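Containing TSV, C-alpha atoms: data25.tsv.
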```tsv
chain	number	residue	atom	x	y	z
A	23	MET	CA	73.72	42.31	-124.29
A	24	LYS	CA	71.27	43.85	-121.87
A	25	LYS	CA	70.22	46.30	-124.58
A	26	TRP	CA	69.35	43.46	-126.96
A	27	GLY	CA	67.41	41.71	-124.21
A	28	MET	CA	65.28	44.81	-123.59
A	29	ILE	CA	64.54	45.14	-127.32
A	30	VAL	CA	63.37	41.48	-127.51
A	31	LEU	CA	61.20	41.91	-124.40
A	32	ILE	CA	59.50	45.06	-125.77
A	33	GLY	CA	58.92	43.31	-129.11
A	34	CYS	CA	57.19	40.40	-127.32
A	35	LEU	CA	54.90	42.78	-125.43
A	36	PHE	CA	53.69	44.27	-128.72
A	37	ALA	CA	53.40	40.89	-130.46
A	38	VAL	CA	51.25	39.11	-127.85
A	39	PRO	CA	48.10	41.31	-128.22
A	40	SER	CA	48.42	41.10	-132.00
A	41	LEU	CA	48.64	37.30	-131.87
A	42	ALA	CA	45.64	37.16	-129.52
A	43	GLN	CA	43.59	39.30	-131.91
A	44	THR	CA	44.64	37.14	-134.86
A	45	GLN	CA	43.69	33.96	-132.93
A	46	SER	CA	40.30	35.48	-132.06
A	47	GLN	CA	39.63	36.26	-135.71
A	48	ALA	CA	40.72	32.75	-136.71
A	49	ASP	CA	38.34	31.23	-134.13
A	50	LYS	CA	35.43	33.22	-135.55
A	51	ILE	CA	36.24	32.04	-139.08
A	52	LEU	CA	36.40	28.40	-137.91
A	53	GLU	CA	33.08	28.80	-136.10
A	54	ARG	CA	31.44	29.99	-139.31
A	55	VAL	CA	33.01	27.16	-141.32
A	56	PHE	CA	31.91	24.44	-138.90
A	57	GLY	CA	28.45	25.90	-138.19
A	58	ARG	CA	29.08	26.96	-134.59
A	59	GLU	CA	28.29	30.64	-135.04
A	60	GLU	CA	25.92	32.36	-132.63
A	61	SER	CA	22.43	30.86	-132.92
A	62	ARG	CA	19.58	33.19	-133.87
A	63	ILE	CA	17.00	30.69	-132.56
A	64	ARG	CA	15.51	31.32	-129.12
A	65	SER	CA	14.08	28.64	-126.83
A	66	GLU	CA	10.65	30.31	-126.98
A	67	ASP	CA	10.67	29.76	-130.77
A	68	LEU	CA	10.65	25.98	-130.25
A	69	LYS	CA	7.83	23.57	-129.44
A	70	VAL	CA	7.79	19.78	-129.06
A	71	LEU	CA	4.96	18.38	-131.19
A	72	GLN	CA	5.68	14.68	-130.75
A	73	LEU	CA	7.96	12.40	-128.72
A	74	GLU	CA	8.35	8.71	-129.55
A	75	ILE	CA	10.38	5.73	-128.38
A	76	SER	CA	11.58	2.70	-130.31
A	77	PRO	CA	10.80	-0.07	-129.63
A	78	ASP	CA	7.34	0.77	-128.29
A	79	PRO	CA	6.53	-0.92	-126.01
A	80	VAL	CA	10.03	-1.29	-124.52
A	81	ARG	CA	10.82	-4.07	-122.04
A	82	GLN	CA	13.03	-3.90	-118.99
A	83	GLY	CA	16.72	-3.98	-120.00
A	84	GLN	CA	16.11	-3.13	-123.68
A	85	ARG	CA	18.04	-0.24	-125.23
A	86	VAL	CA	15.77	2.53	-126.46
A	87	VAL	CA	15.91	5.26	-129.11
A	88	PHE	CA	14.04	8.54	-128.61
A	89	GLN	CA	12.73	10.60	-131.51
A	90	VAL	CA	11.06	14.01	-131.30
A	91	THR	CA	9.33	16.38	-133.70
A	92	VAL	CA	10.31	19.95	-132.87
A	93	ALA	CA	8.65	22.98	-134.47
A	94	ASN	CA	10.93	25.96	-135.05
A	95	GLY	CA	8.65	29.00	-135.23
A	96	SER	CA	11.43	31.42	-136.14
A	97	ARG	CA	12.60	32.32	-139.63
A	98	HIS	CA	16.15	31.23	-138.84
A	99	ALA	CA	18.02	27.93	-139.04
A	100	GLY	CA	20.69	27.09	-136.50
A	101	ARG	CA	22.38	24.47	-134.38
A	102	VAL	CA	21.25	23.73	-130.83
A	103	THR	CA	21.85	20.96	-128.32
A	104	LEU	CA	18.69	19.06	-127.39
A	105	ALA	CA	18.36	16.74	-124.40
A	106	ILE	CA	15.65	14.25	-123.37
A	107	LYS	CA	15.08	14.40	-119.61
A	108	ASP	CA	13.16	12.39	-117.04
A	109	LYS	CA	12.81	14.87	-114.18
A	110	ASP	CA	16.43	16.01	-113.59
A	111	GLU	CA	18.07	13.03	-115.32
A	112	ILE	CA	19.44	13.51	-118.84
A	113	ILE	CA	18.61	10.38	-120.84
A	114	SER	CA	20.02	11.26	-124.25
A	115	GLU	CA	21.25	14.40	-126.00
A	116	GLY	CA	22.62	15.53	-129.32
A	117	ASP	CA	23.77	18.56	-131.29
A	118	VAL	CA	21.26	19.12	-134.10
A	119	SER	CA	20.50	21.58	-136.87
A	120	LEU	CA	16.97	23.02	-136.82
A	121	ARG	CA	15.43	24.63	-139.89
A	122	PRO	CA	12.24	26.76	-139.85
A	123	GLY	CA	9.14	24.55	-139.58
A	124	ASP	CA	8.89	20.98	-138.25
A	125	ASN	CA	12.07	18.99	-137.58
A	126	ARG	CA	12.28	15.27	-136.77
A	127	VAL	CA	15.23	14.57	-134.48
A	128	LYS	CA	16.52	11.09	-133.70
A	129	PHE	CA	18.65	10.75	-130.56
A	130	PRO	CA	21.49	8.29	-129.95
A	131	GLU	CA	20.51	4.90	-128.55
A	132	SER	CA	20.25	4.95	-124.77
A	133	SER	CA	20.54	2.30	-122.06
A	134	TYR	CA	17.95	4.17	-119.97
A	135	ARG	CA	16.16	1.83	-117.58
A	136	PHE	CA	12.42	2.09	-117.03
A	137	SER	CA	11.68	1.25	-113.41
A	138	ARG	CA	8.67	3.25	-112.18
A	139	SER	CA	5.03	2.73	-113.11
A	140	ASP	CA	5.14	5.89	-115.23
A	141	HIS	CA	7.86	8.13	-116.67
A	142	CYS	CA	7.21	11.64	-118.02
A	143	PHE	CA	9.75	13.11	-120.44
A	144	THR	CA	10.66	16.67	-121.30
A	145	VAL	CA	12.97	18.18	-123.91
A	146	GLU	CA	15.57	20.80	-123.02
A	147	ALA	CA	17.47	23.09	-125.39
A	148	ASP	CA	21.01	24.36	-124.80
A	149	ILE	CA	21.38	27.57	-126.81
A	150	GLU	CA	24.54	29.62	-126.34
A	151	ARG	CA	25.33	27.66	-123.14
A	152	THR	CA	21.93	28.45	-121.62
A	153	ARG	CA	19.64	25.48	-120.90
A	154	SER	CA	15.87	25.97	-121.09
A	155	PRO	CA	12.93	23.53	-121.21
A	156	ILE	CA	10.99	23.54	-124.48
A	157	ASP	CA	7.24	23.99	-124.44
A	158	ALA	CA	5.30	20.89	-125.52
A	159	SER	CA	1.90	20.33	-127.13
A	160	ARG	CA	1.04	17.79	-124.40
A	161	GLU	CA	2.59	15.58	-121.74
A	162	PHE	CA	4.67	12.64	-122.95
A	163	CYS	CA	4.41	9.96	-120.28
A	164	ALA	CA	5.31	6.28	-120.70
A	165	LYS	CA	2.90	3.91	-118.97
A	166	ARG	CA	3.68	0.36	-117.86
A	167	THR	CA	1.61	-2.33	-119.60
A	168	ASN	CA	1.81	-6.12	-119.71
A	169	SER	CA	4.03	-5.81	-122.82
A	170	GLY	CA	6.36	-3.15	-121.36
A	171	TRP	CA	6.45	0.64	-121.16
A	172	THR	CA	4.69	2.55	-123.93
A	173	LEU	CA	4.21	6.16	-125.03
A	174	SER	CA	1.24	5.20	-127.19
A	175	ASP	CA	-2.17	6.46	-126.11
A	176	LYS	CA	-3.92	3.28	-127.23
A	177	GLY	CA	-4.60	2.23	-123.67
A	178	SER	CA	-5.40	5.66	-122.20
A	179	GLY	CA	-7.42	7.55	-124.80
A	180	PRO	CA	-10.03	6.86	-127.50
A	181	LEU	CA	-7.95	7.91	-130.53
A	182	PRO	CA	-4.25	8.86	-130.48
A	183	LEU	CA	-4.58	11.29	-133.41
A	184	TYR	CA	-2.91	14.68	-133.92
A	185	VAL	CA	-3.28	17.39	-136.56
A	186	GLU	CA	0.18	18.00	-138.01
A	187	GLU	CA	-0.88	20.40	-140.78
A	188	PHE	CA	-4.05	22.33	-141.62
A	189	GLU	CA	-4.28	24.52	-144.74
A	190	MET	CA	-6.89	26.10	-146.95
A	191	ASN	CA	-6.59	27.06	-150.62
A	192	PRO	CA	-6.77	29.85	-151.58
A	193	ASP	CA	-5.30	31.61	-148.57
A	194	PRO	CA	-6.34	34.37	-148.07
A	195	ALA	CA	-9.94	33.73	-149.10
A	196	THR	CA	-13.05	35.84	-149.57
A	197	PRO	CA	-16.52	34.97	-148.19
A	198	GLY	CA	-18.44	32.75	-150.60
A	199	GLN	CA	-15.32	31.74	-152.53
A	200	GLU	CA	-14.69	28.05	-153.25
A	201	ILE	CA	-12.23	26.76	-150.67
A	202	ARG	CA	-10.38	23.47	-150.44
A	203	PHE	CA	-8.92	22.28	-147.13
A	204	ARG	CA	-5.90	20.02	-146.69
A	205	VAL	CA	-5.27	18.20	-143.39
A	206	ARG	CA	-2.40	15.92	-142.38
A	207	LEU	CA	-3.19	13.62	-139.47
A	208	ARG	CA	-0.73	11.60	-137.43
A	209	ASN	CA	-1.99	8.32	-135.99
A	210	ASP	CA	0.12	6.88	-133.17
A	211	GLY	CA	-2.23	3.95	-132.60
A	212	ARG	CA	-3.81	1.17	-134.61
A	213	HIS	CA	-5.23	1.45	-138.12
A	214	ILE	CA	-8.77	2.84	-138.10
A	215	ARG	CA	-11.46	3.76	-140.62
A	216	GLY	CA	-13.98	6.58	-140.31
A	217	HIS	CA	-15.15	10.00	-141.43
A	218	VAL	CA	-12.86	13.04	-141.08
A	219	ARG	CA	-14.63	16.35	-140.86
A	220	ILE	CA	-13.83	20.02	-140.34
A	221	GLN	CA	-16.13	22.11	-138.18
A	222	ASP	CA	-16.53	25.75	-137.21
A	223	ARG	CA	-18.06	25.32	-133.76
A	224	ASP	CA	-21.08	23.07	-134.49
A	225	GLN	CA	-21.25	23.91	-138.20
A	226	LEU	CA	-19.96	21.31	-140.66
A	227	VAL	CA	-17.52	22.94	-143.12
A	228	ALA	CA	-16.15	19.96	-145.09
A	229	GLN	CA	-15.95	16.17	-144.78
A	230	VAL	CA	-14.33	13.09	-146.30
A	231	GLU	CA	-16.21	9.83	-145.66
A	232	ASN	CA	-15.13	6.28	-144.92
A	233	VAL	CA	-11.39	6.89	-145.21
A	234	SER	CA	-8.52	4.75	-143.97
A	235	ILE	CA	-6.25	6.28	-141.29
A	236	ALA	CA	-3.14	4.11	-141.06
A	237	ARG	CA	-0.50	4.34	-138.36
A	238	GLY	CA	1.83	7.26	-139.12
A	239	SER	CA	1.00	10.38	-141.14
A	240	THR	CA	-1.84	10.53	-143.67
A	241	GLU	CA	-2.88	13.52	-145.79
A	242	PHE	CA	-6.49	14.29	-146.71
A	243	GLN	CA	-7.76	16.63	-149.43
A	244	PHE	CA	-11.32	17.76	-148.73
A	245	PRO	CA	-13.93	18.51	-151.42
A	246	ARG	CA	-14.30	22.16	-152.39
A	247	SER	CA	-16.93	24.11	-150.45
A	248	ARG	CA	-18.29	27.64	-150.53
A	249	TYR	CA	-17.79	28.48	-146.89
A	250	ILE	CA	-19.09	31.90	-145.80
A	251	PHE	CA	-16.93	33.59	-143.19
A	252	GLN	CA	-19.40	35.40	-140.94
A	253	ARG	CA	-17.71	36.03	-137.59
A	254	PHE	CA	-14.45	37.62	-136.54
A	255	ASP	CA	-13.48	34.51	-134.54
A	256	THR	CA	-13.74	31.72	-137.11
A	257	CYS	CA	-11.73	28.79	-135.68
A	258	PHE	CA	-11.73	25.35	-137.26
A	259	THR	CA	-11.48	22.00	-135.50
A	260	VAL	CA	-10.92	18.52	-136.92
A	261	LEU	CA	-13.02	15.57	-135.79
A	262	VAL	CA	-12.84	11.89	-136.66
A	263	ASP	CA	-16.09	9.91	-136.56
A	264	VAL	CA	-15.52	6.23	-135.79
A	265	GLU	CA	-18.54	3.95	-135.44
A	266	ARG	CA	-20.87	6.97	-135.20
A	267	THR	CA	-18.86	8.52	-132.38
A	268	PRO	CA	-17.11	11.83	-133.18
A	269	TYR	CA	-13.72	12.43	-131.53
A	270	PRO	CA	-12.04	15.87	-131.58
A	271	VAL	CA	-8.41	15.69	-132.75
A	272	ASP	CA	-5.65	17.44	-130.82
A	273	ALA	CA	-3.47	20.02	-132.56
A	274	SER	CA	-0.32	21.94	-131.66
A	275	ARG	CA	-2.10	25.25	-132.25
A	276	GLU	CA	-5.48	26.78	-133.02
A	277	PHE	CA	-6.52	27.14	-136.67
A	278	CYS	CA	-8.31	30.48	-136.71
A	279	ALA	CA	-8.97	32.57	-139.82
A	280	LYS	CA	-8.05	36.21	-139.35
A	281	PRO	CA	-10.57	38.68	-140.84
A	282	MET	CA	-7.81	40.64	-142.62
A	283	GLY	CA	-8.40	38.80	-145.90
A	284	TRP	CA	-9.46	35.61	-144.06
A	285	THR	CA	-6.17	33.80	-143.75
A	286	LEU	CA	-4.91	30.88	-141.64
A	287	ARG	CA	-1.31	31.99	-141.91
A	288	PRO	CA	0.36	32.85	-138.59
```
Take the structure in this file and express it as structure tokens.
Amino acid sequence: MKKWGMIVLIGCLFAVPSLAQTQSQADKILERVFGREESRIRSEDLKVLQLEISPDPVRQGQRVVFQVTVANGSRHAGRVTLAIKDKDEIISEGDVSLRPGDNRVKFPESSYRFSRSDHCFTVEADIERTRSPIDASREFCAKRTNSGWTLSDKGSGPLPLYVEEFEMNPDPATPGQEIRFRVRLRNDGRHIRGHVRIQDRDQLVAQVENVSIARGSTEFQFPRSRYIFQRFDTCFTVLVDVERTPYPVDASREFCAKPMGWTLRP
């Protein structure tokens, strides 16, 4: 009897490591199936381009939904956990899939209470159980108004406009070649009308006149122009002229043409 007991015990000792290895392999397969494999995205690849709340303005006691636009500068898609924070307080978070390029992420509804005169929000990424703040194109601070708290810049700046996309065709281009620019603007304020122009320092490159810029995203195709690239630091800016006053438009990055074939591609 003792002999049989020893045989069973030795068999168990050999079986346990084998079962553990099998379980480990099964876990890896399940992770691939359900999209939880190791992420190839790094926190430094990400940038917050826009952060919005709904409703806006939000009144005391109202539930609020946060939505962000996150740029993934890597060539990889993957799942990460994103969290909206006010200082050290986590307001809302969710597990999301980010593809290369711009991603709009809507967070679960939150019962977050606005109480101070201003609240500034940041976005944090949890990648492989490591939390890191994500760089942002600007500060996203909610200000208290008579109607409630708002993230809109209508009360604090002249024009709440942002360049979401800036392209030229062809790209790359040669000096003197006909070029057509395409710009997508995001308007987070009221509907406006004006001239949209592209400049290289003080030099006018292209312009569309008397156009409507509605709230949200609007795309503009500029007339073809024979722009001559002369310097090694050709950087374009977008301006909107409203009532004869030009306003420079913010962007998430600089739009500079590299002299190696004159291209705007990163």
Please tabulate, as CSV, the residues of segment 144-248 of chain A that come within 9 Å of segment 278-288 of chain A, each with its closest pair of atoms and the distance in Å to one decimal, counting only C-alpha atoms and ordering rows by chain, then residue number upward.
```
residue,atom,partner,partner_atom,distance
A:Phe188,CA,A:Leu286,CA,8.6
A:Glu189,CA,A:Leu286,CA,7.1
A:Met190,CA,A:Leu286,CA,7.4
A:Pro192,CA,A:Thr285,CA,8.8
A:Asp193,CA,A:Thr285,CA,5.4
A:Pro194,CA,A:Thr285,CA,4.4
A:Ala195,CA,A:Trp284,CA,5.4
A:Thr196,CA,A:Trp284,CA,6.6
A:Pro197,CA,A:Trp284,CA,8.2
```
Can you list, as a ChimeraX atom specification, every protein, DNA or RNA residue that comes within 9 Å of Gln72 of chain A when you count only C-alpha atoms, leaving out same-chain residues fewer than 2 positions away?
/A:70,74,89-92,126,158-160,162
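Atom pair atom CA of Leu71 of chain A / atom CA of Gly116 of chain A has a distance of 18.0 Å (rounded to one decimal).
Nearest residue to His141 of chain A among A:Val127, A:Val271, A:Cys163, A:Ile214 is A:Cys163, counting only C-alpha atoms.
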Counting only C-alpha atoms, closest pick from A:Asp210, A:Asp140, A:Asp255, A:Glu187 relative to Ser174 of chain A is A:Asp210
Kindly provide, as an mmCIF file with C-alpha atoms, in the frame of the given file, the polymer residues lying within 6 Å of (-6.3, 18.7, -145.3), counting only C-alpha atoms and using the coordinates exactly as they appear in the file.
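Generated output (point_24.cif):
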```
data_model
loop_
_atom_site.group_PDB
_atom_site.id
_atom_site.type_symbol
_atom_site.label_atom_id
_atom_site.label_comp_id
_atom_site.auth_asym_id
_atom_site.auth_seq_id
_atom_site.Cartn_x
_atom_site.Cartn_y
_atom_site.Cartn_z
ATOM 1 C CA PHE A 188 -4.050 22.330 -141.620
ATOM 2 C CA PHE A 203 -8.920 22.280 -147.130
ATOM 3 C CA ARG A 204 -5.900 20.020 -146.690
ATOM 4 C CA VAL A 205 -5.270 18.200 -143.390
ATOM 5 C CA ARG A 206 -2.400 15.920 -142.380
ATOM 6 C CA PHE A 242 -6.490 14.290 -146.710
ATOM 7 C CA GLN A 243 -7.760 16.630 -149.430
#
```
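Taking atom CA of Pro79 of chain A and atom CA of Val264 of chain A as endpoints, the distance between them is 25.2 Å.
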Please, what distance in Å, to one decimal, runs between atom CA of Gly198 of chain A and atom CA of Thr259 of chain A?
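About the pair atom CA of Gly198 of chain A and atom CA of Thr259 of chain A: they are 19.8 Å apart.
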Nearest-residue call for Arg138 of chain A, choices A:Val260, A:Ala164, A:Ile112, A:Val118, using all atoms listed in the file: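 Residue with the minimum atom-to-atom distance to Arg138 of chain A: A:Ala164.
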For Asp222 of chain A, which residue out of A:Glu241, A:Ala273, A:Gln252, A:Thr144 is the nearest one, using only C-alpha atoms?
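Smallest separation from Asp222 of chain A among the options: A:Gln252.
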Next on the checklist: I'd like the contact shell of Asn94 of chain A - 9 Å cut-off, only C-alpha atoms, skipping same-chain residues fewer than 5 positions apart - returned as a ChimeraX atom specification.
Outcome noted: /A:63,67-69,99,120-125
The residue from A:Asp148, A:Tyr134, A:Glu186, A:Ala236 with the smallest atom-to-atom distance to Gln84 of chain A, counting only C-alpha atoms, is A:Tyr134
Judged by all atoms listed in the file, the minimum distance to Ser132 of chain A among A:Leu181, A:Ile75, A:Thr172, A:Leu104 is found for A:Ile75
Excluding Glu231 of chain A and residues on its chain fewer than 3 positions from it, collect all residues at most 9 Å away from it, counting all atoms listed in the file, and give them as an mmCIF file with C-alpha atoms, in the frame of the given file.
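Heads up, here's the output in out05.cif:
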```
data_model
loop_
_atom_site.group_PDB
_atom_site.id
_atom_site.type_symbol
_atom_site.label_atom_id
_atom_site.label_comp_id
_atom_site.auth_asym_id
_atom_site.auth_seq_id
_atom_site.Cartn_x
_atom_site.Cartn_y
_atom_site.Cartn_z
ATOM 1 C CA GLY A 216 -13.980 6.580 -140.310
ATOM 2 C CA HIS A 217 -15.150 10.000 -141.430
ATOM 3 C CA VAL A 218 -12.860 13.040 -141.080
ATOM 4 C CA ARG A 219 -14.630 16.350 -140.860
#
```
### Task
For Ile106 of chain A, work out the shell of residues within 7 Å, counting all atoms listed in the file and skipping chain neighbours fewer than 6 positions away, then give it as a list in words.
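The neighbour list is Ile112, Ile113, Ser114, Glu115, Phe143, Thr144, Val145 and Glu146 of chain A.
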